[in-house]
Amino acid sequence: MRSTWKLVWPPFVAVLFFVGIWQLSVMLFDIPAYQLPSPADIARETKNNASGIWEHTAATLRLTLIGFPVGTGIGLLTALLLHLLPWVKRALYPLLILSQNVPSIALAPLLIIWFGFGLLPKIILITLVCFFPVAVATMGGLTQSDRVMLNYMKMAGAGKWQIFTKLELPGSLPSLFSGLKISATYAVMGAVVAEWIGADKGIGYYMLLQKSSYRADRMFVAIAIIVLLSLVLFALIALLERWLVRWKPRKEA
Amino acid sequence: MSELTRIELEKADGDGRLGTRSVPPALEVSGISKSFKHRRRETQVLNQVSLTVEPQEFVSIVGPSGCGKSTLFHIIGGLTLPDTGTVRMNGIPVTGQRGKISYMPQQPALFPWRSTLDNVLLGGELQGAPQREAREAARHWLAKIGLGGFERAYPHMLSGGMQQRAAFLRAMLAPQELMLLDEPFSALDALTREQMQRWLLELWEENRRSVLFITHNIEEALLLSTRIYVFSGRPGSVLHTVEVPFPRPRREEIADSPEFLRMRRQLSEWMREEQAKSQS
């Protein structure tokens, strides 16, 4: 518990310090609120509009919570399949890398044309940004199993499937989780971008509304919520990792 | 060749075991040669290696580094195919077959995500052996080797010596009769190493298995083995076969006996010569 506290307080103090400077400079230099609202303004705005903002937040959260498991699930499946079928991997892996040169977000308008304004194109967009980090990290983890353990398994007469389930799969968990953490932050971003393109609720939609009325303070509310959502999702993944990869000696930070 | 070895064995066997002519050897390696090609250059690693491990016998291989000992283990374990020669176990040819031996590598190579108990059970698990009685036996053994209370600990929580003991137990509890131990103590500090040698000697004499043991350490080989094969430098071949006459159960004190010292001197001399040859 004490060590957790030790990890938490320096960034906490840093954020507090930063917010303090922000508040002070807005007050001292008399910056108009439509350019840069002060943290106090933003907090007040959030409080006054809590119910409306919560509705939008819930919509984005829902979208993220559908898109993230689907996207990372597809990423994980891709990694497992390609690993078990080395021939397919040789054929498709370069294509997979190449596909990442296409900016997924630029595909959003195209997805709307193809799939309309429903849930499907949004899920596809989130999947596009989420699956790659998980797929690449997991594939890396699967191929990097310890040589000595692999030799041991082979000498002991382990079959390919036993090697996969008892050595490669558990060994790849730490890599899988570093992929998942990256995807967690991408997922919220993907959801917001999907809402920019076509939605009638959600934080992305809210941002578009506020942009047209020059409400910088509400824009900051939206950004704060996006940050918060990403953080929460990231923290959940980190907790899950802590529990599933509890066998790994923890390094002191 | 193997016939000769067995007759020699009957003569030299000091601890009153029966002659083993009727029972085929636990391991019989005959005429193994192996070369590797690397960038069009062929290096011969093993040259006509033949050796025998009788049932319930502790046999060591000592040799300079790079004498192909690890390659030999890979061949016996079925990971690599020899260019010539055969591997037989209990009289049956098993060249290139995996899963016939139980192996203890140089590093403990315990699986970090398994508890100590699950680690030592791995060998049986891979062979599909029933796990319930095995768990009981494993618990009993863990307590016996000083790892009682560590059943649920993950490997990184154990000291180096404890990890090696767990790795040894994993090999010992595996259903295969023959154990291959590949320099199991080389990564330990001198003090722990001595402890582990005593520990292994005691454990093995109580619970005899057929063992083929690779080591650089001559004293270790003399203390533990019934027979020692001295390997030449690359390409590895059997230079000398030494029968170790000390009766069992052995005590550490035999290391002070004149016979032990004489043998140690002889073996060291051979090893030095080989090391010098391979360096020149």
# chains A, B, ... in the order shown; residues from 1 in each chain; ligands from 1
call {"tool": "residues_around", "arguments": {"residues": "Arg44 (chain A)", "least_positions_apart": "4", "cutoff": "12 Å", "atoms": "only C-alpha atoms", "output": "list of chain:residue names"}}
result
A:Pro37, A:Ser38, A:Pro39, A:Ala40, A:Asn48, A:Asn49, A:Ala50, A:Asp217, A:Arg218, A:Phe220, A:Val221
call {"tool": "write_last_selection", "arguments": {"atoms": "all heavy atoms", "output": "CSV table (one decimal), in the first residue's frame"}}
result
chain,number,residue,atom,x,y,z
A,37,PRO,N,-10.3,28.8,-21.1
A,37,PRO,CA,-11.0,28.9,-19.9
A,37,PRO,C,-10.1,28.4,-18.7
A,37,PRO,O,-9.2,27.6,-18.9
A,37,PRO,CB,-12.2,27.9,-20.1
A,37,PRO,CG,-11.7,26.9,-21.1
A,37,PRO,CD,-10.8,27.7,-22.0
A,38,SER,N,-10.4,28.9,-17.5
A,38,SER,CA,-9.6,28.5,-16.4
A,38,SER,C,-10.1,27.1,-15.9
A,38,SER,O,-11.3,26.8,-16.2
A,38,SER,CB,-9.7,29.5,-15.3
A,38,SER,OG,-10.9,29.4,-14.7
A,39,PRO,N,-9.3,26.4,-15.2
A,39,PRO,CA,-9.7,25.1,-14.6
A,39,PRO,C,-11.0,25.3,-13.8
A,39,PRO,O,-11.9,24.4,-13.8
A,39,PRO,CB,-8.6,24.7,-13.7
A,39,PRO,CG,-7.4,25.3,-14.3
A,39,PRO,CD,-7.8,26.6,-14.9
A,40,ALA,N,-11.1,26.4,-13.1
A,40,ALA,CA,-12.3,26.7,-12.3
A,40,ALA,C,-13.5,26.8,-13.2
A,40,ALA,O,-14.6,26.2,-12.9
A,40,ALA,CB,-12.1,27.9,-11.4
A,48,ASN,N,-22.5,22.3,-13.7
A,48,ASN,CA,-23.8,22.8,-14.1
A,48,ASN,C,-24.5,21.9,-15.2
A,48,ASN,O,-25.7,21.9,-15.3
A,48,ASN,CB,-23.7,24.2,-14.7
A,48,ASN,CG,-23.3,25.2,-13.6
A,48,ASN,OD1,-23.4,24.9,-12.4
A,48,ASN,ND2,-22.7,26.3,-14.0
A,49,ASN,N,-23.7,21.2,-16.0
A,49,ASN,CA,-24.2,20.5,-17.1
A,49,ASN,C,-24.1,19.0,-16.9
A,49,ASN,O,-24.2,18.2,-17.8
A,49,ASN,CB,-23.5,20.8,-18.4
A,49,ASN,CG,-24.2,21.9,-19.1
A,49,ASN,OD1,-25.4,21.9,-19.2
A,49,ASN,ND2,-23.4,22.9,-19.6
A,50,ALA,N,-23.9,18.6,-15.6
A,50,ALA,CA,-23.6,17.2,-15.3
A,50,ALA,C,-24.5,16.2,-16.0
A,50,ALA,O,-24.0,15.2,-16.6
A,50,ALA,CB,-23.6,17.0,-13.8
A,217,ASP,N,-14.7,26.3,-23.2
A,217,ASP,CA,-14.8,25.7,-21.9
A,217,ASP,C,-15.4,24.3,-21.9
A,217,ASP,O,-14.9,23.3,-21.3
A,217,ASP,CB,-15.6,26.6,-20.9
A,217,ASP,CG,-16.9,26.9,-21.5
A,217,ASP,OD1,-17.1,26.7,-22.7
A,217,ASP,OD2,-17.8,27.4,-20.7
A,218,ARG,N,-16.4,24.1,-22.8
A,218,ARG,CA,-17.1,22.8,-22.9
A,218,ARG,C,-16.2,21.8,-23.6
A,218,ARG,O,-16.2,20.6,-23.4
A,218,ARG,CB,-18.4,22.9,-23.6
A,218,ARG,CG,-19.4,23.6,-22.7
A,218,ARG,CD,-20.8,23.6,-23.3
A,218,ARG,NE,-21.7,24.2,-22.3
A,218,ARG,CZ,-23.0,24.5,-22.7
A,218,ARG,NH1,-23.4,24.3,-23.9
A,218,ARG,NH2,-23.8,25.0,-21.8
A,220,PHE,N,-13.0,21.8,-23.3
A,220,PHE,CA,-12.1,21.2,-22.3
A,220,PHE,C,-12.8,20.2,-21.4
A,220,PHE,O,-12.1,19.2,-21.0
A,220,PHE,CB,-11.5,22.4,-21.5
A,220,PHE,CG,-10.3,23.0,-22.1
A,220,PHE,CD1,-10.4,24.2,-22.9
A,220,PHE,CD2,-9.1,22.4,-22.0
A,220,PHE,CE1,-9.3,24.7,-23.5
A,220,PHE,CE2,-8.0,23.0,-22.6
A,220,PHE,CZ,-8.1,24.1,-23.3
A,221,VAL,N,-14.0,20.4,-21.2
A,221,VAL,CA,-14.8,19.4,-20.4
A,221,VAL,C,-14.7,18.0,-21.2
A,221,VAL,O,-14.4,17.0,-20.6
A,221,VAL,CB,-16.2,19.8,-20.2
A,221,VAL,CG1,-17.0,18.6,-19.6
A,221,VAL,CG2,-16.3,21.0,-19.4
call {"tool": "interface_residues", "arguments": {"of": "chain A", "to": "chain B", "cutoff": "6 Å", "atoms": "only C-alpha atoms", "output": "list in words"}}
result
Met149, Met155, Ala156, Gly157, Ala158 and Trp247 of chain A
call {"tool": "write_last_selection", "arguments": {"atoms": "C-alpha atoms", "output": "PDB file, in the first residue's frame"}}
result
ATOM      1  CA  MET A 149      12.308 -24.183 -21.576  1.00  0.00           C
ATOM      2  CA  MET A 155      12.997 -33.486 -24.772  1.00  0.00           C
ATOM      3  CA  ALA A 156      10.180 -34.326 -22.385  1.00  0.00           C
ATOM      4  CA  GLY A 157       8.139 -35.297 -25.421  1.00  0.00           C
ATOM      5  CA  ALA A 158       5.727 -32.349 -25.482  1.00  0.00           C
ATOM      6  CA  TRP A 247       4.008 -14.689 -11.214  1.00  0.00           C
TER       7      TRP A 247
END
call {"tool": "closest_residue", "arguments": {"among": "B:Ser186, B:Ser35, B:Asn47, B:Ser60", "to": "Leu222 (chain B)", "atoms": "only C-alpha atoms"}}
result
B:Ser60
call {"tool": "select_by_dssp", "arguments": {"residues": "region 92-179 of chain B", "states": "alpha helix (DSSP H)", "output": "ChimeraX atom specification"}}
result
/B:116-120,122-126,131-144,160-173
call {"tool": "write_last_selection", "arguments": {"atoms": "C-alpha atoms", "output": "PDB file, in the first residue's frame"}}
result
ATOM      1  CA  THR B 116       6.832 -24.818  -7.462  1.00  0.00           C
ATOM      2  CA  LEU B 117       4.431 -27.717  -7.085  1.00  0.00           C
ATOM      3  CA  ASP B 118       3.048 -27.364 -10.613  1.00  0.00           C
ATOM      4  CA  ASN B 119       6.583 -27.064 -11.929  1.00  0.00           C
ATOM      5  CA  VAL B 120       7.793 -30.337 -10.477  1.00  0.00           C
ATOM      6  CA  LEU B 122       5.254 -30.885 -15.374  1.00  0.00           C
ATOM      7  CA  GLY B 123       7.086 -33.992 -16.587  1.00  0.00           C
ATOM      8  CA  GLY B 124       4.236 -36.313 -15.630  1.00  0.00           C
ATOM      9  CA  GLU B 125       1.653 -33.856 -16.880  1.00  0.00           C
ATOM     10  CA  LEU B 126       3.233 -33.819 -20.351  1.00  0.00           C
ATOM     11  CA  GLN B 131      -2.189 -36.048 -11.460  1.00  0.00           C
ATOM     12  CA  ARG B 132      -3.866 -36.711  -8.158  1.00  0.00           C
ATOM     13  CA  GLU B 133      -1.452 -39.239  -6.673  1.00  0.00           C
ATOM     14  CA  ALA B 134       1.408 -37.409  -8.360  1.00  0.00           C
ATOM     15  CA  ARG B 135       0.483 -34.265  -6.417  1.00  0.00           C
ATOM     16  CA  GLU B 136       0.658 -36.115  -3.132  1.00  0.00           C
ATOM     17  CA  ALA B 137       4.007 -37.648  -4.007  1.00  0.00           C
ATOM     18  CA  ALA B 138       5.337 -34.291  -5.151  1.00  0.00           C
ATOM     19  CA  ARG B 139       4.285 -32.600  -1.910  1.00  0.00           C
ATOM     20  CA  HIS B 140       6.047 -35.316   0.029  1.00  0.00           C
ATOM     21  CA  TRP B 141       9.210 -34.913  -2.028  1.00  0.00           C
ATOM     22  CA  LEU B 142       9.190 -31.127  -1.846  1.00  0.00           C
ATOM     23  CA  ALA B 143       9.117 -31.345   1.919  1.00  0.00           C
ATOM     24  CA  LYS B 144      11.902 -33.890   1.806  1.00  0.00           C
ATOM     25  CA  GLY B 160      19.274 -20.360  -6.910  1.00  0.00           C
ATOM     26  CA  GLY B 161      19.943 -23.563  -4.979  1.00  0.00           C
ATOM     27  CA  MET B 162      16.259 -24.068  -4.282  1.00  0.00           C
ATOM     28  CA  GLN B 163      15.428 -23.569  -7.935  1.00  0.00           C
ATOM     29  CA  GLN B 164      17.989 -26.207  -8.894  1.00  0.00           C
ATOM     30  CA  ARG B 165      16.564 -28.632  -6.374  1.00  0.00           C
ATOM     31  CA  ALA B 166      13.088 -28.052  -7.781  1.00  0.00           C
ATOM     32  CA  ALA B 167      14.413 -28.560 -11.319  1.00  0.00           C
ATOM     33  CA  PHE B 168      16.038 -31.790 -10.214  1.00  0.00           C
ATOM     34  CA  LEU B 169      12.839 -32.963  -8.596  1.00  0.00           C
ATOM     35  CA  ARG B 170      10.962 -32.139 -11.793  1.00  0.00           C
ATOM     36  CA  ALA B 171      13.332 -34.428 -13.663  1.00  0.00           C
ATOM     37  CA  MET B 172      13.180 -37.099 -10.983  1.00  0.00           C
ATOM     38  CA  LEU B 173       9.390 -37.197 -10.789  1.00  0.00           C
TER      39      LEU B 173
END
call {"tool": "residues_around", "arguments": {"residues": "Gln35 (chain A)", "least_positions_apart": "2", "cutoff": "9 Å", "atoms": "only C-alpha atoms", "output": "number ranges by chain"}}
result
A: 31-33, 37, 214-217
call {"tool": "residues_around", "arguments": {"residues": "Thr84 (chain B)", "least_positions_apart": "5", "cutoff": "8 Å", "atoms": "only C-alpha atoms", "output": "VMD selection string"}}
result
chain B and resid 31 to 34
call {"tool": "select_by_dssp", "arguments": {"residues": "region 13-198 of chain B", "states": "strand (DSSP E or B)", "output": "ChimeraX atom specification"}}
result
/B:27-38,41-53,58-62,84-89,92-93,102-104,178-182
call {"tool": "closest_residue", "arguments": {"among": "B:Phe36, B:Leu180, B:Leu121, B:Arg209", "to": "Leu81 (chain B)", "atoms": "only C-alpha atoms"}}
result
B:Phe36
call {"tool": "residues_around", "arguments": {"residues": "Leu61 (chain A)", "least_positions_apart": "5", "cutoff": "10 Å", "atoms": "only C-alpha atoms", "output": "list in words"}}
result
Glu55, His56, Ile66, Gly67, Val188, Ala191, Val192, Gly202, Ile203, Ile226, Leu229, Ser230 and Leu233 of chain A
call {"tool": "write_last_selection", "arguments": {"atoms": "N, CA and C atoms", "output": "compact mmCIF listing (two decimals), in the first residue's frame"}}
result
# COMPACT_ATOMS: atom_id res chain seq x y z
N GLU A 55 -24.82 11.86 -20.02
CA GLU A 55 -25.48 11.11 -21.08
C GLU A 55 -24.52 10.85 -22.24
N HIS A 56 -23.80 11.91 -22.63
CA HIS A 56 -22.83 11.77 -23.72
C HIS A 56 -21.69 10.82 -23.32
N ILE A 66 -17.90 -1.79 -26.14
CA ILE A 66 -18.19 -2.81 -27.15
C ILE A 66 -17.00 -2.95 -28.09
N GLY A 67 -16.49 -1.78 -28.55
CA GLY A 67 -15.44 -1.80 -29.57
C GLY A 67 -14.12 -2.38 -29.06
N VAL A 188 -10.64 4.63 -26.85
CA VAL A 188 -11.45 5.80 -26.53
C VAL A 188 -11.34 6.82 -27.67
N ALA A 191 -13.41 5.74 -30.55
CA ALA A 191 -14.83 5.96 -30.32
C ALA A 191 -15.20 7.42 -30.57
N VAL A 192 -14.37 8.33 -30.07
CA VAL A 192 -14.66 9.76 -30.23
C VAL A 192 -14.62 10.15 -31.71
N GLY A 202 -22.89 11.18 -27.60
CA GLY A 202 -21.51 10.78 -27.33
C GLY A 202 -20.61 12.00 -27.24
N ILE A 203 -19.44 11.80 -26.61
CA ILE A 203 -18.52 12.90 -26.39
C ILE A 203 -18.06 13.52 -27.72
N ILE A 226 -12.45 12.52 -21.97
CA ILE A 226 -11.73 11.53 -22.79
C ILE A 226 -10.50 11.01 -22.05
N LEU A 229 -11.64 8.71 -19.27
CA LEU A 229 -12.08 7.39 -19.76
C LEU A 229 -10.87 6.52 -20.12
N SER A 230 -9.91 7.12 -20.85
CA SER A 230 -8.71 6.37 -21.24
C SER A 230 -7.98 5.86 -20.01
N LEU A 233 -9.86 2.94 -18.34
CA LEU A 233 -9.71 1.70 -19.10
C LEU A 233 -8.29 1.14 -18.95
call {"tool": "atom_distance", "arguments": {"atom1": "CA of Ile112 (chain A)", "atom2": "CA of Pro69 (chain A)"}}
result
21.4 Å
call {"tool": "residues_around", "arguments": {"residues": "Asn217 (chain B)", "least_positions_apart": "4", "cutoff": "10 Å", "atoms": "only C-alpha atoms", "output": "mmCIF file with C-alpha atoms, in the first residue's frame"}}
result
data_model
loop_
_atom_site.group_PDB
_atom_site.id
_atom_site.type_symbol
_atom_site.label_atom_id
_atom_site.label_comp_id
_atom_site.auth_asym_id
_atom_site.auth_seq_id
_atom_site.Cartn_x
_atom_site.Cartn_y
_atom_site.Cartn_z
ATOM 1 C CA ILE B 61 30.812 -37.249 -18.855
ATOM 2 C CA VAL B 62 33.661 -34.830 -18.246
ATOM 3 C CA GLY B 63 35.433 -32.947 -20.989
ATOM 4 C CA GLU B 183 25.896 -29.383 -15.813
ATOM 5 C CA PHE B 185 25.297 -26.996 -10.732
ATOM 6 C CA SER B 186 27.511 -24.881 -12.962
ATOM 7 C CA ALA B 221 32.124 -36.577 -11.127
ATOM 8 C CA LEU B 222 34.284 -38.767 -8.882
ATOM 9 C CA SER B 268 42.857 -33.367 -14.207
#
